[in-house]
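Asks: Just dropping this structure here.
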Amino acid sequence: MQLKPIDPHPAENTGQTAADSSSRKLSSADVLMAAAMALPGLLALPAHAENAPEGTTLSFKYLNYSDSQNDSGNIAKTGSGSRMTVNAPALGFSTGIGESWGVDISGVYDSVSGASPLYHSTLSGASGKGIKDERKAADAKLTRYFSRSSVGFGVAYSTEHDYTSRAVSLDYRIATDDNNTTFAMGTGYSSDRIQDSNGTVILFFGTQQKKRSNDFMVGVTHNLTANDIIQSNITYATGKGYFDDPYKQFDKRPDSRNDLAWLTRINHYYNGADATLNFTYRYFTNSWGMRAQTFETEWRQQLPRGWMVIPALRYYTQNSADFYSDLDIQNTGSPANLNTSYPGITSTNYADKPFYTADSRLSAFGAITPGFKIRKEFSKGEIADLKLEFYQQRASWRLGGEGSPGIEPWKAYIIQAGYSKTF
Amino acid sequence: MMLIRTLTITALLLLAGCASTVQPWERGNLAKPIMSFEPDPMDGRFTKHIYFSKEASSGGYGVGGGGCGCN
């Protein structure tokens, strides 16, 4: 499951109910409240805890992604190590219908080309020559807003030549009487089909396979102080079906997986600097014996004339899956060997193992991403932005010990350019 | 057990949180767009998609994204 936020504008939780008082007789408290509302900076606050989007926003984002890693099977270490390249334009549309309804629609077209490792960081001959694929995905969400709560219903569809996913979701949010706390809960279901490809060689594949997932979330957003807001969410996903990677050699995974993620994030506003410091921490664990931690921070600095700069840093660490097999360094270096013997699995233990993988994404490693984003808000609701990130995975960066041996460092450049206009 | 522990801690966090009261007229800063947890949803979506494709963990943000052959 790829999870997406159900809470795109949690700052709106901070809204007022006092402005609703026009239908009641004015009391002195109302007058005081009205006076408070007239203070600079407060006028734009939403009148309800939950608000439909004001106006219509059209947004466009373009992603360019390219990664590289030395091929462990290429003894001479020739070539650039270039692997996958992704170019993806995306369109988003968001609008409010009256005061009670909101609609969000988005679509993306991914064009993917390049090669991914057959196992560990080895491409191995013809199979490493690469793939060319495209992915089209779209999702839509309808939200009904009430004075203190909202209900959202979403659908999502994604298709590639060898993979199709259909998903639905339902979420509910409700604010407390004082509007300082909002509770969120949600559930989602996805049904995925993994089909045989046309033209591209899928190496280790049977007939069409299926995967089904249910996910659940509970969360709370709370105003801690006049300058601090905190959110904590727990999501639990349970999936059944085909989890193997059909493009990897010697990949046999359990047919179920349960994931638990606990994410907490806090934003602090600095009055003097007119800036926000964000910090996010996520703990993750699943039924494959994996544990991972993510630490993210970013500084959003507003500057004169609508400019904003956002430096960011992310650190990620994970251990390996229970059934991950380390690279047996003595067995590598001879590509002729590779189809008959599995590196890391010896004749003594191979037959006993019900599950095994050499997918480096299930290995133990750490990763660091520095990023920088620049954004300019023009008049009339026009925003343009550019973001650059450099993402790097290394076994030795794993928190509290060495990562999986024998995997080459892996690097990616991520560029995003965006433009949006609110009417 | 992890789940129970996590839920307990979150419940405690909630209770502790309820003790504080930010008055309506004190929420001007909190309502600013830069105080949003998802200031750029499309950026967030791309970023989560990339990490979902290249790392073993995901989740924590919400529900309903659907799957992909990238993982």
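Each chain in the structure tokens gets a letter, A, B and so on, in the order shown; residues start at 1 in every chain, and ligands are counted from 1 in the order they appear.
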Hey, what's within 10 Å of B:Glu55 if we count only C-alpha atoms and toss same-chain stuff fewer than 5 positions away? As a list in words, please?

Replies: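 Here the answer would be Ala292, Tyr316, Thr317, Gln318, Ser360, Arg361, Leu362, Ser363, Phe365, Gly366, Ala367 and Gln393 of chain A; Ile50 and Asn71 of chain B.
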
Asks: Store the residues of this selection in a file with all heavy atoms, as a CSV table (one decimal), in the first residue's frame.

Replies:
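Result saved to out04.csv:
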```csv
chain,number,residue,atom,x,y,z
A,292,ALA,N,12.0,0.1,11.3
A,292,ALA,CA,12.7,1.3,10.6
A,292,ALA,C,12.3,2.6,11.4
A,292,ALA,O,11.3,2.6,12.0
A,292,ALA,CB,12.2,1.4,9.2
A,316,TYR,N,17.1,8.1,7.5
A,316,TYR,CA,16.3,6.9,7.6
A,316,TYR,C,17.1,5.7,7.9
A,316,TYR,O,18.3,5.6,7.4
A,316,TYR,CB,15.6,6.7,6.2
A,316,TYR,CG,14.8,5.4,6.1
A,316,TYR,CD1,13.5,5.3,6.7
A,316,TYR,CD2,15.4,4.3,5.5
A,316,TYR,CE1,12.8,4.1,6.6
A,316,TYR,CE2,14.7,3.1,5.4
A,316,TYR,CZ,13.4,3.0,5.9
A,316,TYR,OH,12.7,1.8,5.9
A,317,THR,N,16.6,4.8,8.7
A,317,THR,CA,17.4,3.6,9.0
A,317,THR,C,16.4,2.4,9.1
A,317,THR,O,15.3,2.5,9.6
A,317,THR,CB,18.2,3.8,10.3
A,317,THR,OG1,18.9,2.6,10.6
A,317,THR,CG2,17.3,4.1,11.5
A,318,GLN,N,16.9,1.2,8.6
A,318,GLN,CA,16.1,0.0,8.7
A,318,GLN,C,17.0,-1.2,9.0
A,318,GLN,O,18.1,-1.2,8.5
A,318,GLN,CB,15.2,-0.2,7.5
A,318,GLN,CG,15.9,-0.6,6.2
A,318,GLN,CD,15.0,-0.9,5.0
A,318,GLN,OE1,14.1,-0.1,4.8
A,318,GLN,NE2,15.3,-2.0,4.3
A,360,SER,N,17.7,-5.6,-2.2
A,360,SER,CA,18.4,-4.7,-1.2
A,360,SER,C,17.5,-3.8,-0.5
A,360,SER,O,17.8,-3.2,0.5
A,360,SER,CB,19.4,-3.9,-2.0
A,360,SER,OG,18.8,-3.0,-2.9
A,361,ARG,N,16.2,-3.6,-1.0
A,361,ARG,CA,15.3,-2.8,-0.2
A,361,ARG,C,14.8,-3.5,1.1
A,361,ARG,O,14.3,-2.8,2.0
A,361,ARG,CB,14.1,-2.5,-1.1
A,361,ARG,CG,14.4,-1.6,-2.2
A,361,ARG,CD,13.3,-1.4,-3.2
A,361,ARG,NE,12.9,-2.7,-3.8
A,361,ARG,CZ,12.0,-2.8,-4.8
A,361,ARG,NH1,11.4,-1.8,-5.2
A,361,ARG,NH2,11.8,-4.0,-5.3
A,362,LEU,N,15.1,-4.8,1.2
A,362,LEU,CA,14.8,-5.5,2.4
A,362,LEU,C,16.1,-5.7,3.2
A,362,LEU,O,16.0,-6.5,4.2
A,362,LEU,CB,14.1,-6.8,2.1
A,362,LEU,CG,12.7,-6.6,1.4
A,362,LEU,CD1,12.0,-8.0,1.2
A,362,LEU,CD2,11.8,-5.7,2.1
A,363,SER,N,17.2,-5.1,2.8
A,363,SER,CA,18.4,-5.3,3.6
A,363,SER,C,18.5,-4.2,4.7
A,363,SER,O,17.6,-3.4,4.8
A,363,SER,CB,19.6,-5.1,2.6
A,363,SER,OG,19.7,-3.8,2.2
A,365,PHE,N,20.1,-0.9,6.1
A,365,PHE,CA,20.9,0.2,5.6
A,365,PHE,C,20.4,1.5,6.3
A,365,PHE,O,19.4,1.5,7.0
A,365,PHE,CB,20.8,0.3,4.1
A,365,PHE,CG,19.4,0.6,3.6
A,365,PHE,CD1,18.9,2.0,3.5
A,365,PHE,CD2,18.6,-0.4,3.2
A,365,PHE,CE1,17.6,2.2,3.0
A,365,PHE,CE2,17.3,-0.1,2.7
A,365,PHE,CZ,16.8,1.2,2.6
A,366,GLY,N,21.1,2.6,6.1
A,366,GLY,CA,20.7,3.9,6.5
A,366,GLY,C,20.7,4.8,5.2
A,366,GLY,O,21.3,4.5,4.2
A,367,ALA,N,19.9,5.9,5.3
A,367,ALA,CA,19.9,6.8,4.2
A,367,ALA,C,19.7,8.2,4.6
A,367,ALA,O,19.2,8.5,5.7
A,367,ALA,CB,18.6,6.4,3.3
A,393,GLN,N,21.7,5.9,0.0
A,393,GLN,CA,21.6,4.8,0.9
A,393,GLN,C,23.0,4.1,1.0
A,393,GLN,O,23.6,3.9,0.0
A,393,GLN,CB,20.7,3.7,0.3
A,393,GLN,CG,19.2,4.1,0.3
A,393,GLN,CD,18.3,2.9,-0.2
A,393,GLN,OE1,18.8,1.9,-0.6
A,393,GLN,NE2,17.0,3.1,-0.2
B,50,ILE,N,8.4,7.9,-3.8
B,50,ILE,CA,9.8,7.5,-4.0
B,50,ILE,C,10.3,6.7,-2.9
B,50,ILE,O,10.9,5.6,-3.1
B,50,ILE,CB,10.7,8.8,-4.2
B,50,ILE,CG1,10.4,9.4,-5.6
B,50,ILE,CG2,12.2,8.4,-4.1
B,50,ILE,CD1,11.0,10.8,-5.8
B,71,ASN,N,7.1,-1.6,-5.9
B,71,ASN,CA,7.7,-2.2,-4.7
B,71,ASN,C,7.2,-3.6,-4.5
B,71,ASN,O,6.1,-4.0,-4.8
B,71,ASN,CB,7.2,-1.4,-3.5
B,71,ASN,CG,8.0,-1.6,-2.2
B,71,ASN,OD1,8.8,-2.6,-2.2
B,71,ASN,ND2,7.7,-0.9,-1.2
```

Asks: Write down as a PyMOL selection string the residues belonging to stretch 108-262 of chain A that are assigned strand (DSSP E or B) by DSSP computed on the backbone.

Replies: chain A and resi 108-114+119+122+131-145+149-160+163-175+181-194+209-225+228-241+252+256-262

Asks: Which is closer to A:Val168 than all the others in A:Gly114, A:Pro246, A:Gly381, A:Gly152, using only C-alpha atoms?

Replies: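 Between A:Gly114, A:Pro246, A:Gly381, A:Gly152, the residue approaching A:Val168 most closely is A:Gly152.
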
Asks: Using Å and a single decimal, report how far atom CA of A:Arg193 sits from atom CA of A:Lys211.

Replies: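 A separation of 6.4 Å between them.
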
Asks: B:Cys68: which residues within 12 Å, counting only C-alpha atoms, same-chain residues fewer than 6 positions away excluded, as a PDB file with N, CA and C atoms, in the first residue's frame?

Replies:
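Written out: part.pdb:
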```pdb
ATOM      1  N   MET A   1       0.836  -1.197   0.000  1.00  0.00           N
ATOM      2  CA  MET A   1       0.000   0.000   0.000  1.00  0.00           C
ATOM      3  C   MET A   1       0.873   1.251   0.000  1.00  0.00           C
ATOM      4  N   GLN A   2       0.508   2.137  -0.855  1.00  0.00           N
ATOM      5  CA  GLN A   2       1.133   3.440  -0.788  1.00  0.00           C
ATOM      6  C   GLN A   2       0.138   4.343  -0.100  1.00  0.00           C
ATOM      7  N   LEU A   3       0.566   4.953   0.982  1.00  0.00           N
ATOM      8  CA  LEU A   3      -0.382   5.700   1.785  1.00  0.00           C
ATOM      9  C   LEU A   3      -0.279   7.178   1.486  1.00  0.00           C
ATOM     10  N   ASP A 110       3.819   8.433 -15.073  1.00  0.00           N
ATOM     11  CA  ASP A 110       5.231   8.120 -14.810  1.00  0.00           C
ATOM     12  C   ASP A 110       5.817   7.436 -16.028  1.00  0.00           C
ATOM     13  N   GLU A 134       5.566   2.475 -18.260  1.00  0.00           N
ATOM     14  CA  GLU A 134       4.869   3.693 -17.930  1.00  0.00           C
ATOM     15  C   GLU A 134       3.762   3.364 -16.940  1.00  0.00           C
ATOM     16  N   ARG A 135       3.467   4.322 -16.111  1.00  0.00           N
ATOM     17  CA  ARG A 135       2.435   4.137 -15.107  1.00  0.00           C
ATOM     18  C   ARG A 135       1.496   5.318 -15.168  1.00  0.00           C
ATOM     19  N   LYS A 136       0.202   5.015 -15.175  1.00  0.00           N
ATOM     20  CA  LYS A 136      -0.793   6.083 -15.129  1.00  0.00           C
ATOM     21  C   LYS A 136      -1.596   5.896 -13.849  1.00  0.00           C
ATOM     22  N   ALA A 137      -1.730   6.940 -13.101  1.00  0.00           N
ATOM     23  CA  ALA A 137      -2.473   6.828 -11.848  1.00  0.00           C
ATOM     24  C   ALA A 137      -3.354   8.048 -11.661  1.00  0.00           C
ATOM     25  N   ALA A 156      -8.873   5.432  -5.861  1.00  0.00           N
ATOM     26  CA  ALA A 156      -7.583   5.577  -6.531  1.00  0.00           C
ATOM     27  C   ALA A 156      -7.395   4.426  -7.509  1.00  0.00           C
ATOM     28  N   TYR A 157      -6.745   4.730  -8.620  1.00  0.00           N
ATOM     29  CA  TYR A 157      -6.509   3.720  -9.638  1.00  0.00           C
ATOM     30  C   TYR A 157      -5.108   3.929 -10.189  1.00  0.00           C
ATOM     31  N   SER A 158      -4.397   2.836 -10.374  1.00  0.00           N
ATOM     32  CA  SER A 158      -3.049   2.936 -10.913  1.00  0.00           C
ATOM     33  C   SER A 158      -2.817   1.762 -11.843  1.00  0.00           C
ATOM     34  N   THR A 159      -2.249   2.027 -13.021  1.00  0.00           N
ATOM     35  CA  THR A 159      -2.016   0.917 -13.939  1.00  0.00           C
ATOM     36  C   THR A 159      -0.649   1.002 -14.607  1.00  0.00           C
ATOM     37  N   GLU A 160      -0.003  -0.154 -14.666  1.00  0.00           N
ATOM     38  CA  GLU A 160       1.242  -0.343 -15.412  1.00  0.00           C
ATOM     39  C   GLU A 160       1.023  -1.571 -16.280  1.00  0.00           C
ATOM     40  N   HIS A 161       1.958  -1.882 -17.168  1.00  0.00           N
ATOM     41  CA  HIS A 161       1.700  -3.017 -18.049  1.00  0.00           C
ATOM     42  C   HIS A 161       1.636  -4.331 -17.264  1.00  0.00           C
ATOM     43  N   ASP A 162       2.244  -4.369 -16.097  1.00  0.00           N
ATOM     44  CA  ASP A 162       2.261  -5.614 -15.339  1.00  0.00           C
ATOM     45  C   ASP A 162       1.605  -5.496 -13.958  1.00  0.00           C
ATOM     46  N   TYR A 163       0.993  -4.360 -13.684  1.00  0.00           N
ATOM     47  CA  TYR A 163       0.468  -4.155 -12.328  1.00  0.00           C
ATOM     48  C   TYR A 163      -0.717  -3.191 -12.360  1.00  0.00           C
ATOM     49  N   THR A 164      -1.818  -3.588 -11.731  1.00  0.00           N
ATOM     50  CA  THR A 164      -2.984  -2.713 -11.649  1.00  0.00           C
ATOM     51  C   THR A 164      -3.472  -2.662 -10.212  1.00  0.00           C
ATOM     52  N   SER A 165      -3.781  -1.483  -9.739  1.00  0.00           N
ATOM     53  CA  SER A 165      -4.251  -1.330  -8.367  1.00  0.00           C
ATOM     54  C   SER A 165      -5.515  -0.483  -8.329  1.00  0.00           C
ATOM     55  N   ARG A 166      -6.479  -0.946  -7.556  1.00  0.00           N
ATOM     56  CA  ARG A 166      -7.714  -0.177  -7.329  1.00  0.00           C
ATOM     57  C   ARG A 166      -7.877  -0.025  -5.825  1.00  0.00           C
ATOM     58  N   ALA A 167      -8.198   1.191  -5.388  1.00  0.00           N
ATOM     59  CA  ALA A 167      -8.291   1.406  -3.942  1.00  0.00           C
ATOM     60  C   ALA A 167      -9.443   2.344  -3.603  1.00  0.00           C
ATOM     61  N   SER A 190      -7.368  -1.891  -0.758  1.00  0.00           N
ATOM     62  CA  SER A 190      -6.866  -1.900  -2.124  1.00  0.00           C
ATOM     63  C   SER A 190      -6.784  -3.321  -2.657  1.00  0.00           C
ATOM     64  N   SER A 191      -7.086  -3.434  -3.935  1.00  0.00           N
ATOM     65  CA  SER A 191      -7.051  -4.721  -4.605  1.00  0.00           C
ATOM     66  C   SER A 191      -6.097  -4.592  -5.790  1.00  0.00           C
ATOM     67  N   ASP A 192      -5.016  -5.351  -5.753  1.00  0.00           N
ATOM     68  CA  ASP A 192      -3.972  -5.216  -6.771  1.00  0.00           C
ATOM     69  C   ASP A 192      -3.859  -6.499  -7.585  1.00  0.00           C
ATOM     70  N   ARG A 193      -3.556  -6.340  -8.868  1.00  0.00           N
ATOM     71  CA  ARG A 193      -3.372  -7.475  -9.763  1.00  0.00           C
ATOM     72  C   ARG A 193      -2.005  -7.378 -10.407  1.00  0.00           C
ATOM     73  N   ILE A 194      -1.268  -8.456 -10.346  1.00  0.00           N
ATOM     74  CA  ILE A 194       0.054  -8.476 -10.956  1.00  0.00           C
ATOM     75  C   ILE A 194      -0.042  -9.428 -12.140  1.00  0.00           C
ATOM     76  N   LYS A 211      -3.057  -9.288  -4.863  1.00  0.00           N
ATOM     77  CA  LYS A 211      -2.667  -8.806  -3.538  1.00  0.00           C
ATOM     78  C   LYS A 211      -3.784  -7.907  -3.025  1.00  0.00           C
ATOM     79  N   PHE A 243       3.552 -11.087  -2.704  1.00  0.00           N
ATOM     80  CA  PHE A 243       4.477 -10.025  -2.318  1.00  0.00           C
ATOM     81  C   PHE A 243       5.851 -10.188  -2.970  1.00  0.00           C
ATOM     82  N   ASP A 245       8.889 -10.180  -5.687  1.00  0.00           N
ATOM     83  CA  ASP A 245       9.243  -9.293  -6.779  1.00  0.00           C
ATOM     84  C   ASP A 245       9.571 -10.168  -7.982  1.00  0.00           C
TER      85      ASP A 245
ATOM     86  N   HIS B  49       6.016   8.544  -2.552  1.00  0.00           N
ATOM     87  CA  HIS B  49       6.060   7.495  -3.573  1.00  0.00           C
ATOM     88  C   HIS B  49       7.497   6.999  -3.791  1.00  0.00           C
ATOM     89  N   ILE B  50       8.439   7.921  -3.816  1.00  0.00           N
ATOM     90  CA  ILE B  50       9.835   7.539  -4.032  1.00  0.00           C
ATOM     91  C   ILE B  50      10.346   6.693  -2.859  1.00  0.00           C
ATOM     92  N   PHE B  52       8.600   5.011  -0.747  1.00  0.00           N
ATOM     93  CA  PHE B  52       7.834   3.759  -0.762  1.00  0.00           C
ATOM     94  C   PHE B  52       8.466   2.761  -1.744  1.00  0.00           C
ATOM     95  N   SER B  53       9.003   3.277  -2.863  1.00  0.00           N
ATOM     96  CA  SER B  53       9.613   2.391  -3.866  1.00  0.00           C
ATOM     97  C   SER B  53      10.990   1.906  -3.474  1.00  0.00           C
TER      98      SER B  53
END
```

Asks: Within 7 Å of stretch 229-235 of chain A, counting only C-alpha atoms, which residues qualify if same-chain residues fewer than 5 places away don't, as a ChimeraX atom specification?

Replies: /A:215-224,260-268 /B:59-62

Asks: Please identify all polymer residues within 10 Å of stretch 306-311 of chain A, counting only C-alpha atoms, omitting same-chain residues fewer than 5 positions from it, and present them as a VMD selection string.

Replies: (chain A and resid 275 to 277 297 to 301 370 to 379 383 to 389) or (chain B and resid 34)

Asks: Go ahead and dump the residues you just picked, C-alpha atoms, as a PDB file, in the first residue's frame.

Replies:
```pdb
ATOM      1  CA  ALA A 275       9.544  30.922   9.850  1.00  0.00           C
ATOM      2  CA  THR A 276       8.370  27.424  10.759  1.00  0.00           C
ATOM      3  CA  LEU A 277      10.488  24.564  12.008  1.00  0.00           C
ATOM      4  CA  THR A 297      13.255  18.219   9.688  1.00  0.00           C
ATOM      5  CA  GLU A 298      12.708  21.283   7.561  1.00  0.00           C
ATOM      6  CA  TRP A 299      12.941  25.014   8.027  1.00  0.00           C
ATOM      7  CA  ARG A 300      10.382  27.079   6.120  1.00  0.00           C
ATOM      8  CA  GLN A 301      11.687  30.602   5.901  1.00  0.00           C
ATOM      9  CA  PRO A 370      19.502  16.753   2.111  1.00  0.00           C
ATOM     10  CA  GLY A 371      17.043  18.903   0.196  1.00  0.00           C
ATOM     11  CA  PHE A 372      16.414  22.485  -0.753  1.00  0.00           C
ATOM     12  CA  LYS A 373      13.233  24.075  -2.024  1.00  0.00           C
ATOM     13  CA  ILE A 374      12.593  27.564  -3.250  1.00  0.00           C
ATOM     14  CA  ARG A 375       9.117  28.956  -3.727  1.00  0.00           C
ATOM     15  CA  LYS A 376       7.742  32.221  -5.024  1.00  0.00           C
ATOM     16  CA  GLU A 377       4.209  33.407  -4.527  1.00  0.00           C
ATOM     17  CA  PHE A 378       3.096  35.909  -7.133  1.00  0.00           C
ATOM     18  CA  SER A 379       0.003  38.014  -6.812  1.00  0.00           C
ATOM     19  CA  ILE A 383       2.847  29.911  -6.901  1.00  0.00           C
ATOM     20  CA  ALA A 384       5.968  28.514  -8.576  1.00  0.00           C
ATOM     21  CA  ASP A 385       8.459  26.246  -6.846  1.00  0.00           C
ATOM     22  CA  LEU A 386      11.599  24.197  -7.430  1.00  0.00           C
ATOM     23  CA  LYS A 387      12.970  21.476  -5.169  1.00  0.00           C
ATOM     24  CA  LEU A 388      16.252  19.581  -5.357  1.00  0.00           C
ATOM     25  CA  GLU A 389      17.119  16.531  -3.277  1.00  0.00           C
TER      26      GLU A 389
ATOM     27  CA  ILE B  34       3.480  27.542   6.536  1.00  0.00           C
TER      28      ILE B  34
END
```

Asks: By how many Å are atom CA of A:Asp326 and atom CA of A:Ser121 apart?

Replies: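 Taking atom CA of A:Asp326 and atom CA of A:Ser121, their separation equals 11.3 Å.
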
Asks: Can you list, as a list in words, every protein, DNA or RNA residue that comes within 9 Å of A:Thr57 when you count only C-alpha atoms, leaving out same-chain residues fewer than 2 positions away?

Replies: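 Result of the neighbour search: Pro53, Glu54, Gly55, Ser59, Gly92, Phe93, Ser94, Thr95, Gly381, Ser420, Lys421, Thr422 and Phe423 of chain A.
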
Asks: Have a look at A:Asn87, A:Ser68, A:Ser106, A:Ser113 and name the one nearest to A:Ala417; count only C-alpha atoms.

Replies: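 Ranking A:Asn87, A:Ser68, A:Ser106, A:Ser113 by distance to A:Ala417, first place goes to A:Asn87.
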
Asks: Report, in Å to a single decimal, how far apart atom CA of A:Asp244 and atom CA of A:Gln195 are.

Replies: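 According to the coordinates, atom CA of A:Gln195 and atom CA of A:Asp244 are separated by 12.8 Å.
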
Asks: If you count only C-alpha atoms, which residues fall within 10 Å of stretch 226-228 of chain A, apart from same-chain ones fewer than 3 positions away, as a list of chain:residue names?

Replies: A:Thr14, A:His222, A:Asn223, A:Ile266, A:Asn267, A:His268, A:Tyr269, A:Tyr270, A:Asn271, A:Thr276, A:Leu277, A:Asn278, B:Thr21, B:Val22, B:Gln23, B:Pro24, B:Trp25, B:Glu26, B:Arg27, B:Gly28, B:Asn29, B:Leu30, B:Ala31, B:Met35

Asks: Keeping only N, CA, C and O atoms, write the selected residues to a file as an mmCIF file, in the first residue's frame.

Replies:
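Written file, result_8.cif:
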```cif
data_model
loop_
_atom_site.group_PDB
_atom_site.id
_atom_site.type_symbol
_atom_site.label_atom_id
_atom_site.label_comp_id
_atom_site.auth_asym_id
_atom_site.auth_seq_id
_atom_site.Cartn_x
_atom_site.Cartn_y
_atom_site.Cartn_z
ATOM 1 N N THR A 14 -7.472 25.055 13.345
ATOM 2 C CA THR A 14 -7.285 26.104 14.328
ATOM 3 C C THR A 14 -8.395 27.143 14.264
ATOM 4 O O THR A 14 -8.324 28.154 14.912
ATOM 5 N N HIS A 222 -3.238 18.537 17.541
ATOM 6 C CA HIS A 222 -3.524 19.339 18.730
ATOM 7 C C HIS A 222 -2.709 20.631 18.731
ATOM 8 O O HIS A 222 -1.525 20.629 18.406
ATOM 9 N N ASN A 223 -3.382 21.714 19.091
ATOM 10 C CA ASN A 223 -2.689 22.993 19.265
ATOM 11 C C ASN A 223 -2.054 23.006 20.652
ATOM 12 O O ASN A 223 -2.750 23.089 21.664
ATOM 13 N N ILE A 266 5.675 17.772 14.537
ATOM 14 C CA ILE A 266 5.407 19.008 15.260
ATOM 15 C C ILE A 266 5.904 20.185 14.430
ATOM 16 O O ILE A 266 6.941 20.100 13.778
ATOM 17 N N ASN A 267 5.124 21.259 14.430
ATOM 18 C CA ASN A 267 5.513 22.503 13.761
ATOM 19 C C ASN A 267 5.621 23.592 14.815
ATOM 20 O O ASN A 267 4.709 23.763 15.631
ATOM 21 N N HIS A 268 6.713 24.333 14.760
ATOM 22 C CA HIS A 268 6.862 25.483 15.656
ATOM 23 C C HIS A 268 7.051 26.737 14.825
ATOM 24 O O HIS A 268 7.862 26.763 13.903
ATOM 25 N N TYR A 269 6.296 27.760 15.187
ATOM 26 C CA TYR A 269 6.392 29.031 14.459
ATOM 27 C C TYR A 269 7.275 30.014 15.214
ATOM 28 O O TYR A 269 7.107 30.199 16.421
ATOM 29 N N TYR A 270 8.233 30.622 14.492
ATOM 30 C CA TYR A 270 9.105 31.642 15.078
ATOM 31 C C TYR A 270 8.621 33.012 14.626
ATOM 32 O O TYR A 270 8.731 33.354 13.453
ATOM 33 N N ASN A 271 8.098 33.785 15.584
ATOM 34 C CA ASN A 271 7.560 35.106 15.267
ATOM 35 C C ASN A 271 8.593 36.035 14.659
ATOM 36 O O ASN A 271 8.350 36.654 13.626
ATOM 37 N N THR A 276 8.870 28.611 10.068
ATOM 38 C CA THR A 276 8.370 27.424 10.759
ATOM 39 C C THR A 276 9.426 26.335 10.744
ATOM 40 O O THR A 276 10.042 26.064 9.711
ATOM 41 N N LEU A 277 9.618 25.728 11.910
ATOM 42 C CA LEU A 277 10.488 24.564 12.008
ATOM 43 C C LEU A 277 9.599 23.332 12.138
ATOM 44 O O LEU A 277 8.733 23.275 13.011
ATOM 45 N N ASN A 278 9.822 22.368 11.251
ATOM 46 C CA ASN A 278 9.046 21.126 11.292
ATOM 47 C C ASN A 278 9.957 19.984 11.706
ATOM 48 O O ASN A 278 11.104 19.907 11.270
ATOM 49 N N THR B 21 -4.812 24.943 26.679
ATOM 50 C CA THR B 21 -5.899 25.584 25.950
ATOM 51 C C THR B 21 -5.360 26.810 25.236
ATOM 52 O O THR B 21 -4.900 27.757 25.864
ATOM 53 N N VAL B 22 -5.414 26.742 23.929
ATOM 54 C CA VAL B 22 -5.029 27.903 23.135
ATOM 55 C C VAL B 22 -6.315 28.626 22.770
ATOM 56 O O VAL B 22 -7.220 28.041 22.172
ATOM 57 N N GLN B 23 -6.423 29.871 23.157
ATOM 58 C CA GLN B 23 -7.656 30.633 22.923
ATOM 59 C C GLN B 23 -7.806 30.964 21.438
ATOM 60 O O GLN B 23 -6.810 31.090 20.724
ATOM 61 N N PRO B 24 -9.046 31.133 20.990
ATOM 62 C CA PRO B 24 -9.275 31.413 19.562
ATOM 63 C C PRO B 24 -8.439 32.577 19.030
ATOM 64 O O PRO B 24 -7.915 32.515 17.927
ATOM 65 N N TRP B 25 -8.310 33.637 19.851
ATOM 66 C CA TRP B 25 -7.573 34.815 19.361
ATOM 67 C C TRP B 25 -6.059 34.610 19.402
ATOM 68 O O TRP B 25 -5.309 35.471 19.006
ATOM 69 N N GLU B 26 -5.628 33.450 19.898
ATOM 70 C CA GLU B 26 -4.185 33.161 19.922
ATOM 71 C C GLU B 26 -3.754 32.272 18.753
ATOM 72 O O GLU B 26 -2.635 31.802 18.702
ATOM 73 N N ARG B 27 -4.690 31.999 17.835
ATOM 74 C CA ARG B 27 -4.389 30.994 16.812
ATOM 75 C C ARG B 27 -3.966 31.574 15.462
ATOM 76 O O ARG B 27 -3.935 30.859 14.471
ATOM 77 N N GLY B 28 -3.663 32.844 15.445
ATOM 78 C CA GLY B 28 -3.288 33.475 14.179
ATOM 79 C C GLY B 28 -2.083 32.822 13.522
ATOM 80 O O GLY B 28 -2.077 32.535 12.328
ATOM 81 N N ASN B 29 -1.051 32.544 14.309
ATOM 82 C CA ASN B 29 0.149 31.914 13.750
ATOM 83 C C ASN B 29 -0.124 30.476 13.313
ATOM 84 O O ASN B 29 0.371 30.013 12.294
ATOM 85 N N LEU B 30 -0.913 29.775 14.118
ATOM 86 C CA LEU B 30 -1.195 28.363 13.808
ATOM 87 C C LEU B 30 -1.949 28.212 12.495
ATOM 88 O O LEU B 30 -1.867 27.190 11.834
ATOM 89 N N ALA B 31 -2.708 29.259 12.138
ATOM 90 C CA ALA B 31 -3.526 29.184 10.925
ATOM 91 C C ALA B 31 -2.757 29.562 9.664
ATOM 92 O O ALA B 31 -3.278 29.455 8.568
ATOM 93 N N MET B 35 2.340 26.744 8.553
ATOM 94 C CA MET B 35 2.189 25.856 9.710
ATOM 95 C C MET B 35 1.411 24.582 9.359
ATOM 96 O O MET B 35 1.119 23.761 10.213
#
```

Asks: Could you check the closest approach to chain B for each of A:Glu408, A:Asp251, A:Asp274, A:Glu382 and tell me which residue wins, using only C-alpha atoms?

Replies: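 Ranked by minimum distance to chain B, first place goes to A:Asp274.
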